[in-house]
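So the structure is just underneath, and the comments pick up after that.
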Amino acid sequence: EEQRSALLNSSSLFPPPPGVKFSYGTSGFRADASLLESTVFRVGILAALRSIHTRSVIGLMITASHNRLSDNGIKVADPSGGMLAQNWEPFADAIANAPDPNSLVQLVYDFIKRVNIRLDEGFSAEVFLGRDTRPSGISLLEAAKQAKLGIISIIGSTFTDMGIVTTPQLHWMVRSRNKGGEASEQSYYNQLSTSFRCLLDYCPGEGCGNVDDELIVDAADGVGGEKLETLKSKLSLNVQVRNRGAGVLNDGVGADYVQKEKLVPRGFGPPDAGKRCASLDGDADRLVYFSVSSDGNAVDLVDGDKILSLFSVFLKEQLDVLAEEEEGGVVSFGVVQTAYANGASTEYLRRAGLRVACTPTGVKYLHEKAAEYDVGIYFEANGHGTVLFSDGFLSRLDSSSNAEIGGSEKKHGAAMRLRAVNGIMNQAVGDALSGVLLVEAVLLYKGWSIHQWSERLYRDLPSRQLKVIVHDRSVIETADAETRVVKPAGLQEAIDGEVAKHSPDGRCFVRPSGTEDVVRVYAEGSTRESADDLARSVASIVD
Ligand code: NG1
Ligand code: ZN
């Protein structure tokens with residue numbers, strides 16, 4: 001009773017905005033920041049319950065990633081550091097949309113009972129809070145902390161404020177703590193920098209060290225700029241960081257802008273022509289590379305698919321060395337993409353003999369699929385991705401990297417490189433800082449410039465993405481990893497009709513966005529005109 005009234009009291013401080021429907025989409029709740037206090041408070045309650053239920057630390061990240069400055073969002077990091085278990089999403093939706101404190105408290109108690117969350121076993125909740133640089137994050141953080149006051153009378157709980165961090169840093173800390181390790185930014189930097197140095201130590205002689213020119217990073221005026229500076233200070237990395245926060249977040253800058261608009265970000269121009277450049281997004285979980293054309297007006301984009309391909313080639317080389325001498329069975333290596341992956345990348349990877357899977361959009365799907373392999377790699381075209389290693393494979397590596405147990409020098413090197421990749425690449429979610437370190441190391445290893453990287457693997461098919469604003473995007477339902485529309489009737493046939501006009505390379509699909517109130521249209525074709533045309537005609541059908 002006492003608990004119930006504490007929860008009721010604190011809930012009444014955060015009434016939900018009238019007439020807004022919240023949905024835990026591709027990456028949590030996102031909306032204009034002014035609408036989110038009640039939602040953050042309520043997700044705070046969910047996080048505490050999830051922590052007790054799993055007997056683990058849970059993360060809460062306040063960010064709207066690449067979206068505009070006035071937006072914000074909230075998402076939950078599960079014990080593994082990954083996304084919230086999908087079977088809790090309906091509860092997140094339900095409490096976010098509860099109209100008043102009474103119905104909220106009722107939903108909470110019903111859920112506790114249904115899922116059998118044991119509040120009486122003396123385990124108290126532990127939640128790590130993080131936020132990006134958005135000013136609205138300060139009051140939203142307070143709303144999350146109020147959830148603690150509501151819940152504390154139930155079970156006692158600790159909410160630890162990790163301050164301004166990148167999204168992947170918060171996920172990393174949650175994972176690290178739940179594995180019994182340290183959960184500080186310092187330990188994160190130490191792990192990444194130690195592993196990076198180790199990878200460079202195991203560079204072969206030839207090629208290695210050829211590329212010593214500077215990397216220029218556009219930090220989207222977000223949290224990644226300062227964090228990259230810190231990481232850089234621990235390494236001998238030749239990086240210049242621009243857009244470190246003085247300008248408007250994500251405004252004409254950042255990975256989403258460069259990838260979707262294919263335009264030169266603010267602060268870059270003709271003097272940068274030909275140099276190796278990269279863009280992070282606002283919370284530093286996405287990364288793309290690019291170079292500026294000689295007139296300073298266009299970018300040659302090296303997107304998530306090409307990062308994926310570069311890493312895949314490198315990983316396969318190492319795995320092949322291990323396989324040559326491996327007695328202990330084959331290693332499964334899987335590559336995971338979404339329908340947004342450029343068709344040329346998928347074809348390239350398949351021809352290279354790799355197993356390529358396609359999942360729906362959203363890290364939760366990609367990550368889950370990649371975790372099925374001994375070594376799994378996933379990337380979205382927009383630059384979100386990572387490389388995952390199974391525990392079983394890591395212990396096999398431990399014995400292979402011990403050169404004394406019969407392995408050759410070559411095998412030892414490959415094993416050490418793979419172990420270093422495991423240390424560099426965030427095992428919880430995609431991480432732009434991890435990505436920068438691995439790209440830089442692999443380019444050094446191969447002795448490749450950004451142009452060689454961009455041109456040697458494959459040439460992108462021209463593609464176009466459009467957004468269509470519709471009255472109700474939920475009327476569109478898709479199947480087969482979002483490549484086909486199943487509702488409304490007739491839409492897929494109409495799309496097929498347009499695609500047929502652009503054969504053989506034409507490809508097009510539509511899906512409702514999970515983060516914005518739009519339907520996205522993606523088209524690919526053998527020429528720029530064909531891709532644009534196909535996207536436009538399908539967009540007008542959807543409209
Ligand atoms: P939606 O809005 O569901 O398309 C976008 C990205 C996803 C993912 C999420 C999370 C595209 C086409 N979609 O999702 O890949 O990154 O945002 O931020 O880039
Ligand atoms: Zn992001």
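All residue names refer to the structure tokens as shown: chains lettered A, B, ... in order, residues numbered from 1 in each chain, ligands numbered from 1 in order.
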Worksheet entry | Expected selection as a PyMOL selection string for ligand 1 within 6 Å, only C-alpha atoms and all ligand atoms | chain A and resi 26-27+361-362+380+382+513-516
Residues of the last selection are to be written out with C-alpha atoms, as a PDB file, in the first residue's frame.
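selection_28.pdb, written as the output of this step:
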```
ATOM      1  CA  THR A  26      13.472   0.775 -33.720  1.00  0.00           C
ATOM      2  CA  SER A  27      15.471   2.268 -30.864  1.00  0.00           C
ATOM      3  CA  THR A 361      15.828  -2.824 -39.920  1.00  0.00           C
ATOM      4  CA  GLY A 362      16.870  -2.247 -36.327  1.00  0.00           C
ATOM      5  CA  GLU A 380      23.425  -1.128 -41.472  1.00  0.00           C
ATOM      6  CA  ASN A 382      23.938   4.007 -42.336  1.00  0.00           C
ATOM      7  CA  SER A 513       9.905   4.067 -40.171  1.00  0.00           C
ATOM      8  CA  GLY A 514      10.328   2.946 -36.579  1.00  0.00           C
ATOM      9  CA  THR A 515      11.713   6.301 -35.451  1.00  0.00           C
ATOM     10  CA  GLU A 516       9.912   8.951 -37.502  1.00  0.00           C
TER      11      GLU A 516
END
```
Could you report the residues within 8 Å of ligand 2, using only C-alpha atoms and all ligand atoms, as an mmCIF file with N, CA and C atoms, in the first residue's frame?
```
data_model
loop_
_atom_site.group_PDB
_atom_site.id
_atom_site.type_symbol
_atom_site.label_atom_id
_atom_site.label_comp_id
_atom_site.auth_asym_id
_atom_site.auth_seq_id
_atom_site.Cartn_x
_atom_site.Cartn_y
_atom_site.Cartn_z
ATOM 1 N N ALA A 64 18.464 11.264 -28.847
ATOM 2 C CA ALA A 64 17.704 11.096 -30.089
ATOM 3 C C ALA A 64 18.683 10.987 -31.249
ATOM 4 N N SER A 65 19.897 10.489 -30.931
ATOM 5 C CA SER A 65 20.841 10.101 -31.979
ATOM 6 C C SER A 65 21.044 11.180 -33.043
ATOM 7 N N HIS A 66 20.728 10.823 -34.296
ATOM 8 C CA HIS A 66 20.965 11.721 -35.432
ATOM 9 C C HIS A 66 19.811 12.685 -35.666
ATOM 10 N N THR A 167 26.146 6.735 -26.699
ATOM 11 C CA THR A 167 25.234 5.603 -26.498
ATOM 12 C C THR A 167 26.022 4.298 -26.333
ATOM 13 N N ASP A 281 27.581 10.052 -35.916
ATOM 14 C CA ASP A 281 26.278 10.686 -35.709
ATOM 15 C C ASP A 281 26.242 11.308 -34.302
ATOM 16 N N GLY A 282 25.093 11.887 -33.940
ATOM 17 C CA GLY A 282 24.988 12.699 -32.727
ATOM 18 C C GLY A 282 25.290 11.977 -31.424
ATOM 19 N N ASP A 283 25.087 10.664 -31.377
ATOM 20 C CA ASP A 283 25.409 9.933 -30.153
ATOM 21 C C ASP A 283 26.521 8.914 -30.382
ATOM 22 N N ALA A 284 27.180 9.040 -31.546
ATOM 23 C CA ALA A 284 28.403 8.276 -31.848
ATOM 24 C C ALA A 284 28.202 6.764 -31.891
ATOM 25 N N ASP A 285 27.036 6.331 -32.394
ATOM 26 C CA ASP A 285 26.905 4.891 -32.644
ATOM 27 C C ASP A 285 26.836 4.579 -34.136
ATOM 28 N N ARG A 286 27.031 5.590 -34.960
ATOM 29 C CA ARG A 286 27.109 5.350 -36.401
ATOM 30 C C ARG A 286 28.368 6.003 -36.951
ATOM 31 N N HIS A 384 25.806 1.805 -38.679
ATOM 32 C CA HIS A 384 25.703 1.224 -37.343
ATOM 33 C C HIS A 384 26.017 -0.267 -37.422
#
```
May I have the residues within 9 Å of Leu438 (chain A) as a PDB file with C-alpha atoms, in the first residue's frame, using only C-alpha atoms and disregarding those fewer than 2 positions away in the same chain?
```pdb
ATOM      1  CA  PHE A 196      44.226  -1.144 -30.888  1.00  0.00           C
ATOM      2  CA  LEU A 199      46.381  -5.012 -33.415  1.00  0.00           C
ATOM      3  CA  PHE A 311      36.114  -5.767 -42.036  1.00  0.00           C
ATOM      4  CA  VAL A 421      39.349  -6.996 -32.847  1.00  0.00           C
ATOM      5  CA  ILE A 424      38.260  -2.937 -30.059  1.00  0.00           C
ATOM      6  CA  MET A 425      34.747  -3.671 -31.272  1.00  0.00           C
ATOM      7  CA  LEU A 433      34.790   5.020 -31.924  1.00  0.00           C
ATOM      8  CA  SER A 434      35.398   1.273 -32.182  1.00  0.00           C
ATOM      9  CA  GLY A 435      34.729   1.555 -35.896  1.00  0.00           C
ATOM     10  CA  VAL A 436      37.259   4.340 -36.421  1.00  0.00           C
ATOM     11  CA  GLU A 440      42.285   2.807 -39.377  1.00  0.00           C
ATOM     12  CA  ALA A 441      44.054  -0.399 -38.335  1.00  0.00           C
ATOM     13  CA  VAL A 442      42.791  -2.436 -41.293  1.00  0.00           C
ATOM     14  CA  LEU A 443      43.709   0.296 -43.788  1.00  0.00           C
TER      15      LEU A 443
END
```
Fill in: For Ala341 (chain A), the nearest of the candidates A:Arg177, A:Arg396, A:Lys227, A:Arg507, counting only C-alpha atoms
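Residue with the minimum atom-to-atom distance to Ala341 (chain A): A:Arg507.
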Worksheet item: Within 9 Å of Pro512 (chain A), counting only C-alpha atoms, which residues qualify if same-chain residues fewer than 6 places away don't, as a list in words?
Response: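 The neighbour list is Arg473, Ser474, Val475, Ile476, Glu477, Thr478, Val518, Val519, Arg520 and Val521 of chain A.
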Please produce a file of those selected residues containing N, CA and C atoms, as a PDB file, in the first residue's frame.
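Done, and the output landed in part30.pdb:
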```
ATOM      1  N   ARG A 473       1.069   5.677 -40.934  1.00  0.00           N
ATOM      2  CA  ARG A 473       2.075   4.803 -41.547  1.00  0.00           C
ATOM      3  C   ARG A 473       1.884   3.341 -41.163  1.00  0.00           C
ATOM      4  N   SER A 474       1.093   3.105 -40.120  1.00  0.00           N
ATOM      5  CA  SER A 474       0.947   1.720 -39.659  1.00  0.00           C
ATOM      6  C   SER A 474       0.048   0.885 -40.578  1.00  0.00           C
ATOM      7  N   VAL A 475      -0.562   1.501 -41.589  1.00  0.00           N
ATOM      8  CA  VAL A 475      -1.360   0.684 -42.520  1.00  0.00           C
ATOM      9  C   VAL A 475      -0.455  -0.160 -43.412  1.00  0.00           C
ATOM     10  N   ILE A 476       0.826   0.214 -43.482  1.00  0.00           N
ATOM     11  CA  ILE A 476       1.738  -0.591 -44.297  1.00  0.00           C
ATOM     12  C   ILE A 476       2.365  -1.694 -43.441  1.00  0.00           C
ATOM     13  N   GLU A 477       2.193  -2.919 -43.890  1.00  0.00           N
ATOM     14  CA  GLU A 477       2.830  -4.052 -43.209  1.00  0.00           C
ATOM     15  C   GLU A 477       3.712  -4.795 -44.212  1.00  0.00           C
ATOM     16  N   THR A 478       4.871  -5.255 -43.727  1.00  0.00           N
ATOM     17  CA  THR A 478       5.832  -5.880 -44.635  1.00  0.00           C
ATOM     18  C   THR A 478       6.183  -7.289 -44.186  1.00  0.00           C
ATOM     19  N   VAL A 518       7.009   8.653 -40.766  1.00  0.00           N
ATOM     20  CA  VAL A 518       7.085   8.645 -42.237  1.00  0.00           C
ATOM     21  C   VAL A 518       7.126   7.211 -42.764  1.00  0.00           C
ATOM     22  N   VAL A 519       6.862   7.084 -44.057  1.00  0.00           N
ATOM     23  CA  VAL A 519       7.123   5.820 -44.751  1.00  0.00           C
ATOM     24  C   VAL A 519       8.396   6.038 -45.562  1.00  0.00           C
ATOM     25  N   ARG A 520       9.332   5.112 -45.455  1.00  0.00           N
ATOM     26  CA  ARG A 520      10.574   5.243 -46.219  1.00  0.00           C
ATOM     27  C   ARG A 520      10.499   4.446 -47.514  1.00  0.00           C
ATOM     28  N   VAL A 521      11.035   5.071 -48.564  1.00  0.00           N
ATOM     29  CA  VAL A 521      11.104   4.423 -49.869  1.00  0.00           C
ATOM     30  C   VAL A 521      12.583   4.275 -50.220  1.00  0.00           C
TER      31      VAL A 521
END
```
Practice prompt. Give me the residues within 12 Å of region 356-359 of chain A as an NGL selection string, counting only C-alpha atoms and dropping any in the same chain fewer than 4 places off.
Written response: :A and (308-309 or 312 or 332-343 or 345-352 or 363-370 or 372-373 or 376-380 or 479-483)
Would you save the residues from that selection as a PDB file, in the first residue's frame, using C-alpha atoms?
```pdb
ATOM      1  CA  LEU A 308      31.310  -4.109 -43.369  1.00  0.00           C
ATOM      2  CA  SER A 309      33.015  -5.396 -46.497  1.00  0.00           C
ATOM      3  CA  SER A 312      34.709  -8.977 -43.526  1.00  0.00           C
ATOM      4  CA  SER A 332      31.159 -20.251 -38.511  1.00  0.00           C
ATOM      5  CA  PHE A 333      31.443 -16.726 -39.876  1.00  0.00           C
ATOM      6  CA  GLY A 334      28.275 -14.834 -40.763  1.00  0.00           C
ATOM      7  CA  VAL A 335      27.593 -11.428 -42.272  1.00  0.00           C
ATOM      8  CA  VAL A 336      24.304  -9.676 -41.509  1.00  0.00           C
ATOM      9  CA  GLN A 337      22.723  -6.832 -43.490  1.00  0.00           C
ATOM     10  CA  THR A 338      19.300  -5.271 -44.017  1.00  0.00           C
ATOM     11  CA  ALA A 339      17.394  -4.547 -47.214  1.00  0.00           C
ATOM     12  CA  TYR A 340      19.044  -1.100 -47.230  1.00  0.00           C
ATOM     13  CA  ALA A 341      22.406  -2.698 -47.989  1.00  0.00           C
ATOM     14  CA  ASN A 342      23.631  -1.721 -51.405  1.00  0.00           C
ATOM     15  CA  GLY A 343      22.988  -4.624 -53.786  1.00  0.00           C
ATOM     16  CA  SER A 345      27.872  -5.083 -51.494  1.00  0.00           C
ATOM     17  CA  THR A 346      25.729  -8.171 -50.998  1.00  0.00           C
ATOM     18  CA  GLU A 347      26.829  -9.567 -54.326  1.00  0.00           C
ATOM     19  CA  TYR A 348      30.480  -8.841 -53.537  1.00  0.00           C
ATOM     20  CA  LEU A 349      30.283 -10.574 -50.153  1.00  0.00           C
ATOM     21  CA  ARG A 350      28.529 -13.630 -51.576  1.00  0.00           C
ATOM     22  CA  ARG A 351      31.102 -13.921 -54.347  1.00  0.00           C
ATOM     23  CA  ALA A 352      33.823 -13.766 -51.724  1.00  0.00           C
ATOM     24  CA  VAL A 363      19.895  -3.242 -34.339  1.00  0.00           C
ATOM     25  CA  LYS A 364      17.937  -5.708 -32.236  1.00  0.00           C
ATOM     26  CA  TYR A 365      17.382  -7.926 -35.263  1.00  0.00           C
ATOM     27  CA  LEU A 366      20.854  -7.601 -36.751  1.00  0.00           C
ATOM     28  CA  HIS A 367      22.595  -8.143 -33.451  1.00  0.00           C
ATOM     29  CA  GLU A 368      20.536 -11.186 -32.588  1.00  0.00           C
ATOM     30  CA  LYS A 369      21.306 -12.780 -35.951  1.00  0.00           C
ATOM     31  CA  ALA A 370      25.044 -12.010 -35.797  1.00  0.00           C
ATOM     32  CA  GLU A 372      24.337 -16.942 -33.853  1.00  0.00           C
ATOM     33  CA  TYR A 373      27.827 -17.355 -35.325  1.00  0.00           C
ATOM     34  CA  GLY A 376      29.283 -12.507 -36.660  1.00  0.00           C
ATOM     35  CA  ILE A 377      29.459  -9.089 -38.257  1.00  0.00           C
ATOM     36  CA  TYR A 378      26.577  -6.744 -38.925  1.00  0.00           C
ATOM     37  CA  PHE A 379      26.302  -3.247 -40.284  1.00  0.00           C
ATOM     38  CA  GLU A 380      23.425  -1.128 -41.472  1.00  0.00           C
ATOM     39  CA  ALA A 479       7.302  -9.375 -44.767  1.00  0.00           C
ATOM     40  CA  ASP A 480      10.530 -11.118 -45.803  1.00  0.00           C
ATOM     41  CA  ALA A 481      12.833  -8.785 -43.873  1.00  0.00           C
ATOM     42  CA  GLU A 482      10.798  -5.799 -45.101  1.00  0.00           C
ATOM     43  CA  THR A 483      11.464  -6.483 -48.758  1.00  0.00           C
TER      44      THR A 483
END
```
Item to complete: May I have all residues of region 223-387 of chain A that DSSP, computed from the backbone, assigns to strand (DSSP E or B), given as a PyMOL selection string?
Response: chain A and resi 239-242+273+276-280+287-292+299-302+333-337+355-358+375-379+385-387
Please tabulate, as a tab-separated table, the residues of region 84-143 of chain A that come within 12 Å of region 218-226 of chain A, each with its closest pair of atoms and the distance in Å to one decimal, counting only C-alpha atoms and ordering rows by chain, then residue number upward.
```
residue	atom	partner	partner_atom	distance
A:Gly130	CA	A:Val223	CA	11.3
A:Arg131	CA	A:Val223	CA	9.1
A:Asp132	CA	A:Val223	CA	5.9
A:Thr133	CA	A:Val223	CA	5.7
A:Arg134	CA	A:Gly222	CA	8.3
A:Pro135	CA	A:Gly222	CA	11.4
```
Item to complete: Would you mind writing down, as number ranges by chain, each residue of region 169-388 of chain A that DSSP on the backbone assigns to helix (DSSP H, G or I)?
Response: A: 169-178, 185-201, 224-233, 255-261, 270-272, 304-325, 343-351, 363-370
Dump of C-alpha atoms for the selected residues, as a PDB file, in the first residue's frame:
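For reference, part05.pdb as written:
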```pdb
ATOM      1  CA  GLN A 169      29.705   3.774 -23.972  1.00  0.00           C
ATOM      2  CA  LEU A 170      26.643   3.381 -21.779  1.00  0.00           C
ATOM      3  CA  HIS A 171      25.812  -0.012 -23.307  1.00  0.00           C
ATOM      4  CA  TRP A 172      29.458  -1.043 -22.861  1.00  0.00           C
ATOM      5  CA  MET A 173      29.420  -0.077 -19.173  1.00  0.00           C
ATOM      6  CA  VAL A 174      26.246  -2.051 -18.526  1.00  0.00           C
ATOM      7  CA  ARG A 175      27.706  -5.116 -20.206  1.00  0.00           C
ATOM      8  CA  SER A 176      31.037  -4.747 -18.474  1.00  0.00           C
ATOM      9  CA  ARG A 177      29.525  -4.421 -15.014  1.00  0.00           C
ATOM     10  CA  ASN A 178      27.250  -7.418 -15.541  1.00  0.00           C
ATOM     11  CA  GLU A 185      34.696   5.563 -19.179  1.00  0.00           C
ATOM     12  CA  GLN A 186      38.309   5.083 -18.216  1.00  0.00           C
ATOM     13  CA  SER A 187      38.081   1.302 -18.462  1.00  0.00           C
ATOM     14  CA  TYR A 188      36.366   1.672 -21.838  1.00  0.00           C
ATOM     15  CA  TYR A 189      39.202   3.827 -23.205  1.00  0.00           C
ATOM     16  CA  ASN A 190      41.783   1.480 -21.745  1.00  0.00           C
ATOM     17  CA  GLN A 191      40.279  -1.570 -23.384  1.00  0.00           C
ATOM     18  CA  LEU A 192      39.928   0.064 -26.796  1.00  0.00           C
ATOM     19  CA  SER A 193      43.369   1.625 -26.815  1.00  0.00           C
ATOM     20  CA  THR A 194      45.184  -1.459 -25.517  1.00  0.00           C
ATOM     21  CA  SER A 195      43.479  -3.634 -28.121  1.00  0.00           C
ATOM     22  CA  PHE A 196      44.226  -1.144 -30.888  1.00  0.00           C
ATOM     23  CA  ARG A 197      47.912  -1.089 -30.010  1.00  0.00           C
ATOM     24  CA  CYS A 198      47.920  -4.866 -29.938  1.00  0.00           C
ATOM     25  CA  LEU A 199      46.381  -5.012 -33.415  1.00  0.00           C
ATOM     26  CA  LEU A 200      49.058  -2.679 -34.765  1.00  0.00           C
ATOM     27  CA  ASP A 201      51.768  -4.790 -33.139  1.00  0.00           C
ATOM     28  CA  GLY A 224      31.503  11.921 -29.972  1.00  0.00           C
ATOM     29  CA  GLY A 225      33.902  14.826 -30.526  1.00  0.00           C
ATOM     30  CA  GLU A 226      35.163  15.158 -27.002  1.00  0.00           C
ATOM     31  CA  LYS A 227      35.200  11.397 -26.502  1.00  0.00           C
ATOM     32  CA  LEU A 228      37.270  10.878 -29.625  1.00  0.00           C
ATOM     33  CA  GLU A 229      39.716  13.519 -28.390  1.00  0.00           C
ATOM     34  CA  THR A 230      40.097  11.576 -25.157  1.00  0.00           C
ATOM     35  CA  LEU A 231      40.631   8.302 -26.984  1.00  0.00           C
ATOM     36  CA  LYS A 232      43.126   9.966 -29.299  1.00  0.00           C
ATOM     37  CA  SER A 233      45.163  11.256 -26.362  1.00  0.00           C
ATOM     38  CA  ALA A 255      26.818  10.444 -40.436  1.00  0.00           C
ATOM     39  CA  ASP A 256      23.098  10.498 -41.196  1.00  0.00           C
ATOM     40  CA  TYR A 257      23.396  13.700 -43.221  1.00  0.00           C
ATOM     41  CA  VAL A 258      26.430  12.551 -45.179  1.00  0.00           C
ATOM     42  CA  GLN A 259      24.972   9.098 -45.866  1.00  0.00           C
ATOM     43  CA  LYS A 260      21.421  10.096 -46.748  1.00  0.00           C
ATOM     44  CA  GLU A 261      22.009  13.451 -48.478  1.00  0.00           C
ATOM     45  CA  PRO A 270      37.765  22.270 -51.134  1.00  0.00           C
ATOM     46  CA  PRO A 271      40.929  22.297 -48.961  1.00  0.00           C
ATOM     47  CA  ASP A 272      39.935  18.803 -47.756  1.00  0.00           C
ATOM     48  CA  GLY A 304      28.368   1.085 -43.591  1.00  0.00           C
ATOM     49  CA  ASP A 305      28.248  -1.559 -46.311  1.00  0.00           C
ATOM     50  CA  LYS A 306      31.811  -0.788 -47.329  1.00  0.00           C
ATOM     51  CA  ILE A 307      32.986  -0.717 -43.734  1.00  0.00           C
ATOM     52  CA  LEU A 308      31.310  -4.109 -43.369  1.00  0.00           C
ATOM     53  CA  SER A 309      33.015  -5.396 -46.497  1.00  0.00           C
ATOM     54  CA  LEU A 310      36.446  -4.124 -45.444  1.00  0.00           C
ATOM     55  CA  PHE A 311      36.114  -5.767 -42.036  1.00  0.00           C
ATOM     56  CA  SER A 312      34.709  -8.977 -43.526  1.00  0.00           C
ATOM     57  CA  VAL A 313      37.619  -9.373 -45.909  1.00  0.00           C
ATOM     58  CA  PHE A 314      40.067  -8.781 -43.075  1.00  0.00           C
ATOM     59  CA  LEU A 315      38.323 -11.178 -40.706  1.00  0.00           C
ATOM     60  CA  LYS A 316      38.047 -13.872 -43.364  1.00  0.00           C
ATOM     61  CA  GLU A 317      41.775 -13.630 -44.039  1.00  0.00           C
ATOM     62  CA  GLN A 318      42.515 -14.213 -40.377  1.00  0.00           C
ATOM     63  CA  LEU A 319      39.970 -17.017 -40.074  1.00  0.00           C
ATOM     64  CA  ASP A 320      41.381 -18.720 -43.174  1.00  0.00           C
ATOM     65  CA  VAL A 321      44.826 -18.770 -41.585  1.00  0.00           C
ATOM     66  CA  LEU A 322      43.400 -20.400 -38.485  1.00  0.00           C
ATOM     67  CA  ALA A 323      41.441 -22.893 -40.598  1.00  0.00           C
ATOM     68  CA  GLU A 324      44.581 -24.039 -42.464  1.00  0.00           C
ATOM     69  CA  GLU A 325      45.914 -25.569 -39.317  1.00  0.00           C
ATOM     70  CA  GLY A 343      22.988  -4.624 -53.786  1.00  0.00           C
ATOM     71  CA  ALA A 344      26.572  -4.445 -55.014  1.00  0.00           C
ATOM     72  CA  SER A 345      27.872  -5.083 -51.494  1.00  0.00           C
ATOM     73  CA  THR A 346      25.729  -8.171 -50.998  1.00  0.00           C
ATOM     74  CA  GLU A 347      26.829  -9.567 -54.326  1.00  0.00           C
ATOM     75  CA  TYR A 348      30.480  -8.841 -53.537  1.00  0.00           C
ATOM     76  CA  LEU A 349      30.283 -10.574 -50.153  1.00  0.00           C
ATOM     77  CA  ARG A 350      28.529 -13.630 -51.576  1.00  0.00           C
ATOM     78  CA  ARG A 351      31.102 -13.921 -54.347  1.00  0.00           C
ATOM     79  CA  VAL A 363      19.895  -3.242 -34.339  1.00  0.00           C
ATOM     80  CA  LYS A 364      17.937  -5.708 -32.236  1.00  0.00           C
ATOM     81  CA  TYR A 365      17.382  -7.926 -35.263  1.00  0.00           C
ATOM     82  CA  LEU A 366      20.854  -7.601 -36.751  1.00  0.00           C
ATOM     83  CA  HIS A 367      22.595  -8.143 -33.451  1.00  0.00           C
ATOM     84  CA  GLU A 368      20.536 -11.186 -32.588  1.00  0.00           C
ATOM     85  CA  LYS A 369      21.306 -12.780 -35.951  1.00  0.00           C
ATOM     86  CA  ALA A 370      25.044 -12.010 -35.797  1.00  0.00           C
TER      87      ALA A 370
END
```
Discussion item. Could you list, as a ChimeraX atom specification, every residue within 10 Å of Arg419 (chain A), counting only C-alpha atoms and ignoring same-chain residues fewer than 3 positions away?
Written reply: /A:195,198-199,389,394,397-398,401,413-416,422-424
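When only C-alpha atoms are used to compute distances to Ser70 (chain A), the closest of the residues A:Val43, A:Ala147, A:Ala31, A:Val105 turns out to be A:Ala31.
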Discussion item. Excluding Ser23 (chain A) and its own-chain neighbours fewer than 4 positions away, which residues fall within 9 Å of it when counting only C-alpha atoms? Please give them as a PyMOL selection string.
Written reply: chain A and resi 28-30+89-90+92-94+96-97+514-515
Produce a file of the selected residues containing C-alpha atoms, as a PDB file, in the first residue's frame.
```pdb
ATOM      1  CA  GLY A  28      13.243   3.248 -27.969  1.00  0.00           C
ATOM      2  CA  PHE A  29      10.919   6.218 -27.639  1.00  0.00           C
ATOM      3  CA  ARG A  30      11.637   9.333 -29.647  1.00  0.00           C
ATOM      4  CA  GLU A  89       8.352  -3.799 -25.488  1.00  0.00           C
ATOM      5  CA  PRO A  90       4.555  -4.139 -25.216  1.00  0.00           C
ATOM      6  CA  ALA A  92       6.928  -0.216 -22.444  1.00  0.00           C
ATOM      7  CA  ASP A  93       4.239   0.868 -24.909  1.00  0.00           C
ATOM      8  CA  ALA A  94       1.461   0.269 -22.421  1.00  0.00           C
ATOM      9  CA  ALA A  96       4.127   5.106 -21.868  1.00  0.00           C
ATOM     10  CA  ASN A  97       0.531   5.530 -23.018  1.00  0.00           C
ATOM     11  CA  GLY A 514      10.328   2.946 -36.579  1.00  0.00           C
ATOM     12  CA  THR A 515      11.713   6.301 -35.451  1.00  0.00           C
TER      13      THR A 515
END
```
Worksheet item: Using only C-alpha atoms, which of the listed residues (A:Ala539, A:Ser291, A:Tyr458, A:Tyr24) sits closest to Gln86 (chain A)?
Response: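 Closest candidate: A:Tyr24.
Take the candidates A:Val248, A:Ala47, A:Leu149, A:Ile58 and check each one against Gln3 (chain A) using only C-alpha atoms; the shortest distance goes to A:Leu149.
Computed from the coordinates, the CA of Asp120 (chain A) to CA of Leu107 (chain A) distance equals 19.0 Å.
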Worksheet item: Smallest atom-to-atom distance to Ser157 (chain A): which of A:Leu280, A:Leu215, A:Ile541, A:Ile52, using only C-alpha atoms?
Response: A:Ile52
